[in-house]
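Chemist: The structure's right below; bear with me while I get my questions together.
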Amino acid sequence: MKTYDSQNRLIGEINTTFTQDGTVITTNTIYNANSGQAVSQHISVRDSQGKVTTQNTFGGKLLP
């Protein structure tokens with residue numbers, strides 16, 4: 001799902017992926033509205049056993 005500001009510029013995006021083994025990967029990316037560059041990205045991974053790991057990246061992004 002993409003989020004846009006009042007001037008129709010991309011400012012955020014949330015993606016969720018479900019893998020065949022039951023892992024759920026969710027990414028939340030924040031963009032600079034002026035340049036379109038990724039400012040930060042939060043990645044959450046929940047495995048099939050329920051264990052959750054998270055990673056934050058500032059100044060770019062790791063996953064699409």
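Each chain in the structure tokens gets a letter, A, B, ..., in the order shown, and its residues are numbered from 1; ligands are numbered from 1 in order too.
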What are the DSSP strand (DSSP E or B) residues of chain A, as a CSV table (one decimal) with C-alpha atoms, in the first residue's frame?
Modeler:
```csv
chain,number,residue,atom,x,y,z
A,2,LYS,CA,1.4,3.4,-1.0
A,3,THR,CA,0.8,6.7,0.8
A,4,TYR,CA,0.8,10.1,-0.9
A,10,LEU,CA,4.9,9.3,-2.6
A,11,ILE,CA,5.8,9.5,1.1
A,12,GLY,CA,5.3,6.0,2.4
A,13,GLU,CA,4.9,2.4,1.4
A,14,ILE,CA,4.0,-0.8,3.4
A,15,ASN,CA,4.5,-4.3,1.8
A,16,THR,CA,3.7,-7.6,3.4
A,17,THR,CA,4.9,-10.9,1.9
A,18,PHE,CA,3.8,-14.4,3.0
A,24,VAL,CA,5.7,-13.2,7.1
A,25,ILE,CA,7.9,-10.3,6.0
A,26,THR,CA,6.6,-6.7,6.4
A,27,THR,CA,8.4,-3.6,5.2
A,28,ASN,CA,7.5,0.0,6.0
A,29,THR,CA,9.4,2.5,3.9
A,30,ILE,CA,9.3,6.3,4.4
A,31,TYR,CA,10.3,8.6,1.5
A,38,ALA,CA,14.0,6.4,0.8
A,39,VAL,CA,14.6,8.0,4.2
A,40,SER,CA,14.1,5.0,6.4
A,41,GLN,CA,12.8,1.4,6.3
A,42,HIS,CA,11.6,-0.8,9.1
A,43,ILE,CA,11.6,-4.6,8.4
A,44,SER,CA,9.7,-7.1,10.5
A,45,VAL,CA,10.1,-10.9,10.0
A,46,ARG,CA,7.8,-13.3,11.8
A,52,VAL,CA,9.8,-11.9,15.4
A,53,THR,CA,13.0,-10.1,14.3
A,54,THR,CA,13.1,-6.4,13.3
A,55,GLN,CA,15.6,-4.2,11.5
A,56,ASN,CA,15.7,-0.5,10.9
A,57,THR,CA,17.6,1.2,8.2
A,58,PHE,CA,18.1,5.0,7.9
```
Chemist: Separation of CA of Thr19 in chain A and CA of Gly50 in chain A, in Å?
Modeler: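 Separation between CA of Thr19 in chain A and CA of Gly50 in chain A: 13.8 Å.
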Chemist: With distances taken over only C-alpha atoms, which residue among A:Lys61, A:Ala33, A:Ser48, A:Gly22 lies nearest Arg9 in chain A?
Modeler: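 Closest residue, counting only C-alpha atoms: A:Ala33.
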Chemist: Report, in Å with one decimal, the straight-line distance from CA of Asp5 in chain A to CA of Gln37 in chain A.
Modeler: 14.7 Å
Chemist: From the options A:Thr23, A:Gln7, A:Gly36, A:Met1, which residue's atoms come nearest to Gly60 in chain A, counting only C-alpha atoms?
Modeler: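 For Gly60 in chain A, the nearest of the given residues is A:Gly36.
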